[in-house]
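What follows is one structure encoded as structure tokens, with my remarks underneath.
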Amino acid sequence: MKKIMTLASLICALSTSGFSGGISAKEAPLAIAIHGGAGTIERSKFTPEKEKAYRAKLKEAVEAGYRVLNEGGESLDAVTTAINILENSPFFNAGKGAVYTYDGKHEMDASIMDGRNRQAGAVAGVKHIENPINLARLVMDKSVHVMLAKEGAEEFAKQQGIKLVDNKIFDTEHRYQSLLKAKKKLDTAHSNKDYQANHQALPVNYKMGTVGAVALDINGNIAAGTSTGGMTAKRFGRIGDSPVIGAGTFADNNSCAVSATGHGEYFIRYNVAADICARVQYQGKTIVQAGNEVIHDVLLPVGGTGGVIIIDTKGNISLPFNTKGMYRASKSNTSATYVGIFKED
Ligand code: ASP
């Protein structure tokens with residue numbers, strides 16, 4: 001059925017364009033969506049200047065990714081281009097601006113997936129990689145593995161010609177202040193049990209802020225990528241959902257591409273990104289239905305907070321979240337640049 005519909009839409013596209021050699025750039029959908037994390041993002045916490053600066057950075061990232069698509073580039077390149085801009089900004093919890101671990105360092109996770117063939121690459125707990133999404137891409141393109149971690153991942157990076165950087169380059173004052181506040185809450189614990197309870201009770205904003213992108217290119221291929229500093233004051237080598245294929249990132253041309261942000265433990269346990277795509281593929285749901293079901297009906301009742309960005313091969317985009325806000329933006333060849341921060345945007 002799906003094949004017949006695809007063929008029918010192809011014939012329709014060809015007949016309306018009067019173009020006989022294939023689908024021209026005008027008819028083929030191009031689209032991209034990005035996020036910069038979800039959480040208790042409320043208007044009252046923003047000065048007009050701060051809001052303007054965040055909106056400008058989201059716009060810059062989504063438009064740079066879109067330019068790649070518009071010039072005929074691949075969805076994977078659009079995804080890494082947009083994510084690099086967000087990683088290089090101190091506003092978001094990825095790359096420069098990554099949160100601090102309990103020990104005052106930065107440990108980053110990232111992953112990328114190609115919807116054409118379900119190839120994927122991921123890195124976890126890297127400390128000296130300026131743009132972790134680029135290393136995830138190298139793991140996908142240049143290794144036989146899917147996920148590399150810590151020193152091993154950095155050894156691989158060196159072999160691939162990536163210069164290792166000092167962990168201090170990721171320092172920012174606002175994240176340091178968040179670490180101090182988080183530690184104050186955690187350090188009142190007298191036992192491991194208290195510590196775990198304190199950790200569970202940390203406000204959601206200590207557990208969020210990731211960046212991600214999903215894109216559809218001129219050849220009809222979708223891709224997804226996610227990059228994060230993880231959770232403020234994380235310990236014991238904690239790894240979240242962002243580098244876990246199926247949890248924080250997923251892409252398959254047969255369904256959709258998803259990048260997630262939120263309380264990672266829930267996103268891993270509920271296999272969020274893959275669950276959304278499975279609903280699209282096997283239940284025939286739209287990305288709007290599938291995304292809303294998982295974010296609002298599955299995650300929220302169990303206490304899982306966050307959001308996702310979703311794209312399909314027709315260029316549909318959905319950006320559901322169950323938090324107060326989510327930094328997000330999108331652009332396609334049929335819609336102008338959209339930038340949102342708050343629920344009402
Ligand atoms: N999901 C990320 C993690 O748990 C955090 C985030 O999205 O902000 O590591």
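Every chain in the structure tokens takes a letter, A first, then B, and so on in the order presented; its residues are numbered from 1, and the ligands are numbered from 1 following the presented order.
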- Task: Return as JSON, numbers by chain the residues of protein, DNA or RNA that approach ligand 1 to within 6 Å, with only C-alpha atoms and all ligand atoms taken into account.
- Result: {"A": [37, 207, 208, 209, 210, 230, 231, 240, 241, 242, 261, 262, 263, 264]}
Per residue of region 49-132 of chain A within 6 Å of region 215-225 of chain A, what are the shortest atom pair and its distance in Å to one decimal, counting only C-alpha atoms, with rows by chain and residue number, as a Markdown table?
```
| residue | atom | partner | partner_atom | distance |
| --- | --- | --- | --- | --- |
| A:Leu69 | CA | A:Asp217 | CA | 5.5 |
| A:Glu74 | CA | A:Asp217 | CA | 5.6 |
| A:Ser75 | CA | A:Asp217 | CA | 4.9 |
| A:Leu76 | CA | A:Ala223 | CA | 5.5 |
| A:Ser111 | CA | A:Gly225 | CA | 5.6 |
| A:Ile112 | CA | A:Gly225 | CA | 4.1 |
| A:Met113 | CA | A:Ala224 | CA | 5.4 |
| A:Asp114 | CA | A:Ala223 | CA | 4.8 |
| A:Gly115 | CA | A:Ile222 | CA | 5.0 |
| A:Arg116 | CA | A:Asn221 | CA | 5.9 |
```
Preceding selection exported with N, CA, C and O atoms as a CSV table (one decimal), in the first residue's frame:
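The result, written out as again.csv:
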```
chain,number,residue,atom,x,y,z
A,69,LEU,N,20.8,21.9,2.5
A,69,LEU,CA,19.8,21.2,1.8
A,69,LEU,C,19.4,21.9,0.5
A,69,LEU,O,19.3,21.3,-0.6
A,74,GLU,N,23.4,16.7,1.5
A,74,GLU,CA,22.7,15.6,2.2
A,74,GLU,C,22.2,16.0,3.5
A,74,GLU,O,22.7,16.8,4.2
A,75,SER,N,21.1,15.3,3.9
A,75,SER,CA,20.5,15.5,5.2
A,75,SER,C,21.5,15.4,6.4
A,75,SER,O,21.5,16.1,7.4
A,76,LEU,N,22.4,14.4,6.3
A,76,LEU,CA,23.4,14.2,7.3
A,76,LEU,C,24.3,15.5,7.5
A,76,LEU,O,24.6,15.9,8.6
A,111,SER,N,25.2,11.4,19.0
A,111,SER,CA,24.9,10.3,18.0
A,111,SER,C,24.3,10.9,16.8
A,111,SER,O,23.7,12.0,16.8
A,112,ILE,N,24.4,10.1,15.7
A,112,ILE,CA,23.8,10.5,14.4
A,112,ILE,C,23.3,9.2,13.7
A,112,ILE,O,23.9,8.2,13.9
A,113,MET,N,22.3,9.4,12.9
A,113,MET,CA,21.8,8.2,12.2
A,113,MET,C,21.3,8.6,10.8
A,113,MET,O,20.7,9.7,10.6
A,114,ASP,N,21.6,7.7,9.9
A,114,ASP,CA,21.3,7.9,8.5
A,114,ASP,C,20.0,7.1,8.1
A,114,ASP,O,20.0,5.9,8.2
A,115,GLY,N,18.9,7.8,7.7
A,115,GLY,CA,17.7,7.1,7.5
A,115,GLY,C,17.7,6.2,6.2
A,115,GLY,O,16.8,5.3,6.1
A,116,ARG,N,18.7,6.4,5.4
A,116,ARG,CA,18.8,5.6,4.1
A,116,ARG,C,19.0,4.1,4.4
A,116,ARG,O,18.5,3.2,3.8
```
- Task: Find the residue from A:Pro203, A:Pro243, A:Gly97, A:Gly212 that sits nearest to Thr172 (chain A); use only C-alpha atoms when measuring.
- Result: A:Gly97
- Task: Name all residues at most 12 Å from Asp187 (chain A) (count only C-alpha atoms; drop same-chain ones fewer than 4 positions away) and give them as number ranges by chain.
- Result: A: 102, 179-183, 191-192, 194-199, 202, 233
Using the selection just defined, write its residues with C-alpha atoms as a PDB file, in the first residue's frame.
```pdb
ATOM      1  CA  TYR A 102      29.903  16.423  39.840  1.00  0.00           C
ATOM      2  CA  LEU A 179      26.764  22.930  39.397  1.00  0.00           C
ATOM      3  CA  LEU A 180      27.273  24.684  42.721  1.00  0.00           C
ATOM      4  CA  LYS A 181      23.511  24.826  43.281  1.00  0.00           C
ATOM      5  CA  ALA A 182      23.045  21.167  42.307  1.00  0.00           C
ATOM      6  CA  LYS A 183      25.891  20.045  44.596  1.00  0.00           C
ATOM      7  CA  SER A 191      23.631   7.868  52.616  1.00  0.00           C
ATOM      8  CA  ASN A 192      23.534   6.549  49.101  1.00  0.00           C
ATOM      9  CA  ASP A 194      19.459   9.930  50.400  1.00  0.00           C
ATOM     10  CA  TYR A 195      21.796  10.862  47.564  1.00  0.00           C
ATOM     11  CA  GLN A 196      19.632   9.024  45.046  1.00  0.00           C
ATOM     12  CA  ALA A 197      16.507  10.661  46.474  1.00  0.00           C
ATOM     13  CA  ASN A 198      18.127  14.100  46.281  1.00  0.00           C
ATOM     14  CA  HIS A 199      19.157  13.393  42.734  1.00  0.00           C
ATOM     15  CA  LEU A 202      16.685  17.890  41.362  1.00  0.00           C
ATOM     16  CA  ALA A 233      26.402  17.078  38.469  1.00  0.00           C
TER      17      ALA A 233
END
```
- Message: Please list as JSON, numbers by chain every residue within 10 Å of Val211 (chain A), counting only C-alpha atoms and excluding residues in the same chain fewer than 3 positions away.
- Response: {"A": [34, 35, 36, 37, 38, 82, 83, 84, 85, 86, 87, 92, 93, 94, 95, 110, 208, 225, 226, 227, 228, 229, 242, 259, 260, 261, 327, 328]}
Export N, CA and C atoms of the chosen residues as a PDB file, in the first residue's frame?
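Result written to part_24.pdb:
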```pdb
ATOM      1  N   ILE A  34      15.314  21.815  14.341  1.00  0.00           N
ATOM      2  CA  ILE A  34      16.377  21.710  15.347  1.00  0.00           C
ATOM      3  C   ILE A  34      15.774  21.936  16.735  1.00  0.00           C
ATOM      4  N   HIS A  35      16.498  21.479  17.757  1.00  0.00           N
ATOM      5  CA  HIS A  35      16.119  21.855  19.125  1.00  0.00           C
ATOM      6  C   HIS A  35      17.373  22.200  19.916  1.00  0.00           C
ATOM      7  N   GLY A  36      17.157  22.968  20.972  1.00  0.00           N
ATOM      8  CA  GLY A  36      18.260  23.356  21.857  1.00  0.00           C
ATOM      9  C   GLY A  36      17.934  23.007  23.293  1.00  0.00           C
ATOM     10  N   GLY A  37      17.078  21.978  23.451  1.00  0.00           N
ATOM     11  CA  GLY A  37      16.754  21.504  24.800  1.00  0.00           C
ATOM     12  C   GLY A  37      15.381  21.938  25.261  1.00  0.00           C
ATOM     13  N   ALA A  38      14.840  21.158  26.194  1.00  0.00           N
ATOM     14  CA  ALA A  38      13.521  21.439  26.774  1.00  0.00           C
ATOM     15  C   ALA A  38      13.691  21.639  28.272  1.00  0.00           C
ATOM     16  N   ALA A  82      23.988  22.298  11.407  1.00  0.00           N
ATOM     17  CA  ALA A  82      23.141  22.988  12.393  1.00  0.00           C
ATOM     18  C   ALA A  82      23.625  22.690  13.819  1.00  0.00           C
ATOM     19  N   ILE A  83      23.957  21.437  14.071  1.00  0.00           N
ATOM     20  CA  ILE A  83      24.381  21.067  15.437  1.00  0.00           C
ATOM     21  C   ILE A  83      25.709  21.733  15.799  1.00  0.00           C
ATOM     22  N   ASN A  84      26.624  21.845  14.845  1.00  0.00           N
ATOM     23  CA  ASN A  84      27.902  22.511  15.138  1.00  0.00           C
ATOM     24  C   ASN A  84      27.683  23.936  15.636  1.00  0.00           C
ATOM     25  N   ILE A  85      26.743  24.633  15.035  1.00  0.00           N
ATOM     26  CA  ILE A  85      26.472  26.017  15.454  1.00  0.00           C
ATOM     27  C   ILE A  85      25.948  26.040  16.891  1.00  0.00           C
ATOM     28  N   LEU A  86      25.094  25.096  17.224  1.00  0.00           N
ATOM     29  CA  LEU A  86      24.548  25.033  18.591  1.00  0.00           C
ATOM     30  C   LEU A  86      25.614  24.563  19.582  1.00  0.00           C
ATOM     31  N   GLU A  87      26.469  23.624  19.160  1.00  0.00           N
ATOM     32  CA  GLU A  87      27.564  23.168  20.035  1.00  0.00           C
ATOM     33  C   GLU A  87      28.545  24.298  20.328  1.00  0.00           C
ATOM     34  N   PHE A  92      23.662  26.611  24.906  1.00  0.00           N
ATOM     35  CA  PHE A  92      23.052  25.287  24.953  1.00  0.00           C
ATOM     36  C   PHE A  92      23.980  24.262  25.601  1.00  0.00           C
ATOM     37  N   ASN A  93      23.355  23.229  26.148  1.00  0.00           N
ATOM     38  CA  ASN A  93      24.099  22.198  26.868  1.00  0.00           C
ATOM     39  C   ASN A  93      24.693  21.176  25.904  1.00  0.00           C
ATOM     40  N   ALA A  94      25.707  21.606  25.173  1.00  0.00           N
ATOM     41  CA  ALA A  94      26.417  20.736  24.233  1.00  0.00           C
ATOM     42  C   ALA A  94      27.668  21.491  23.815  1.00  0.00           C
ATOM     43  N   GLY A  95      28.797  20.802  23.663  1.00  0.00           N
ATOM     44  CA  GLY A  95      30.030  21.494  23.299  1.00  0.00           C
ATOM     45  C   GLY A  95      30.288  22.633  24.285  1.00  0.00           C
ATOM     46  N   ALA A 110      27.076  12.100  22.015  1.00  0.00           N
ATOM     47  CA  ALA A 110      26.428  12.508  20.756  1.00  0.00           C
ATOM     48  C   ALA A 110      26.144  11.286  19.897  1.00  0.00           C
ATOM     49  N   MET A 208      18.536  18.689  31.681  1.00  0.00           N
ATOM     50  CA  MET A 208      18.176  18.962  30.283  1.00  0.00           C
ATOM     51  C   MET A 208      19.050  20.014  29.580  1.00  0.00           C
ATOM     52  N   GLY A 225      20.378  13.779  14.418  1.00  0.00           N
ATOM     53  CA  GLY A 225      21.585  13.847  15.244  1.00  0.00           C
ATOM     54  C   GLY A 225      21.287  14.552  16.552  1.00  0.00           C
ATOM     55  N   THR A 226      22.046  14.202  17.591  1.00  0.00           N
ATOM     56  CA  THR A 226      21.828  14.771  18.918  1.00  0.00           C
ATOM     57  C   THR A 226      23.186  14.927  19.598  1.00  0.00           C
ATOM     58  N   SER A 227      23.374  16.015  20.361  1.00  0.00           N
ATOM     59  CA  SER A 227      24.651  16.237  21.049  1.00  0.00           C
ATOM     60  C   SER A 227      24.368  16.885  22.397  1.00  0.00           C
ATOM     61  N   THR A 228      25.078  16.441  23.433  1.00  0.00           N
ATOM     62  CA  THR A 228      24.742  16.934  24.773  1.00  0.00           C
ATOM     63  C   THR A 228      25.923  16.897  25.744  1.00  0.00           C
ATOM     64  N   GLY A 229      25.794  17.725  26.773  1.00  0.00           N
ATOM     65  CA  GLY A 229      26.698  17.625  27.926  1.00  0.00           C
ATOM     66  C   GLY A 229      26.059  16.767  29.010  1.00  0.00           C
ATOM     67  N   SER A 242      21.101  10.510  24.810  1.00  0.00           N
ATOM     68  CA  SER A 242      21.500  11.163  23.549  1.00  0.00           C
ATOM     69  C   SER A 242      22.380  10.298  22.644  1.00  0.00           C
ATOM     70  N   SER A 259      15.057  13.415  17.038  1.00  0.00           N
ATOM     71  CA  SER A 259      16.098  13.747  18.023  1.00  0.00           C
ATOM     72  C   SER A 259      15.376  14.196  19.291  1.00  0.00           C
ATOM     73  N   ALA A 260      15.849  13.681  20.426  1.00  0.00           N
ATOM     74  CA  ALA A 260      15.140  13.916  21.689  1.00  0.00           C
ATOM     75  C   ALA A 260      15.929  14.813  22.632  1.00  0.00           C
ATOM     76  N   THR A 261      15.200  15.409  23.558  1.00  0.00           N
ATOM     77  CA  THR A 261      15.817  16.122  24.677  1.00  0.00           C
ATOM     78  C   THR A 261      14.932  15.933  25.895  1.00  0.00           C
ATOM     79  N   TYR A 327      13.506  24.998  23.230  1.00  0.00           N
ATOM     80  CA  TYR A 327      14.141  25.799  22.182  1.00  0.00           C
ATOM     81  C   TYR A 327      14.014  25.005  20.890  1.00  0.00           C
ATOM     82  N   ARG A 328      13.462  25.638  19.848  1.00  0.00           N
ATOM     83  CA  ARG A 328      13.210  24.873  18.633  1.00  0.00           C
ATOM     84  C   ARG A 328      13.123  25.801  17.422  1.00  0.00           C
TER      85      ARG A 328
END
```
- DSSP alpha helix (DSSP H) residues within region 138-342 of chain A, as a ChimeraX atom specification: /A:138-142,150-159,173-186,192-201,264-269,272-283,287-292,300-302
- Message: Quick one: residues within 6 Å of region 140-153 of chain A, only C-alpha atoms, excluding same-chain residues fewer than 3 positions away - as a ChimeraX atom specification?
- Response: /A:120-126,137,156
- In region 57-279 of chain A, DSSP strand (DSSP E or B) residues written as a VMD selection string: chain A and resid 101 108 to 114 119 to 126 147 to 149 211 to 216 222 to 228 234 245 249 to 251 257 to 262
- Task: Identify which of the residues A:Ala98, A:Ile287, A:Ala136, A:Ala213 lies closest to Phe170 (chain A), counting only C-alpha atoms when measuring atom-to-atom distances.
- Result: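 The answer is A:Ala98, which sits nearest to Phe170 (chain A).
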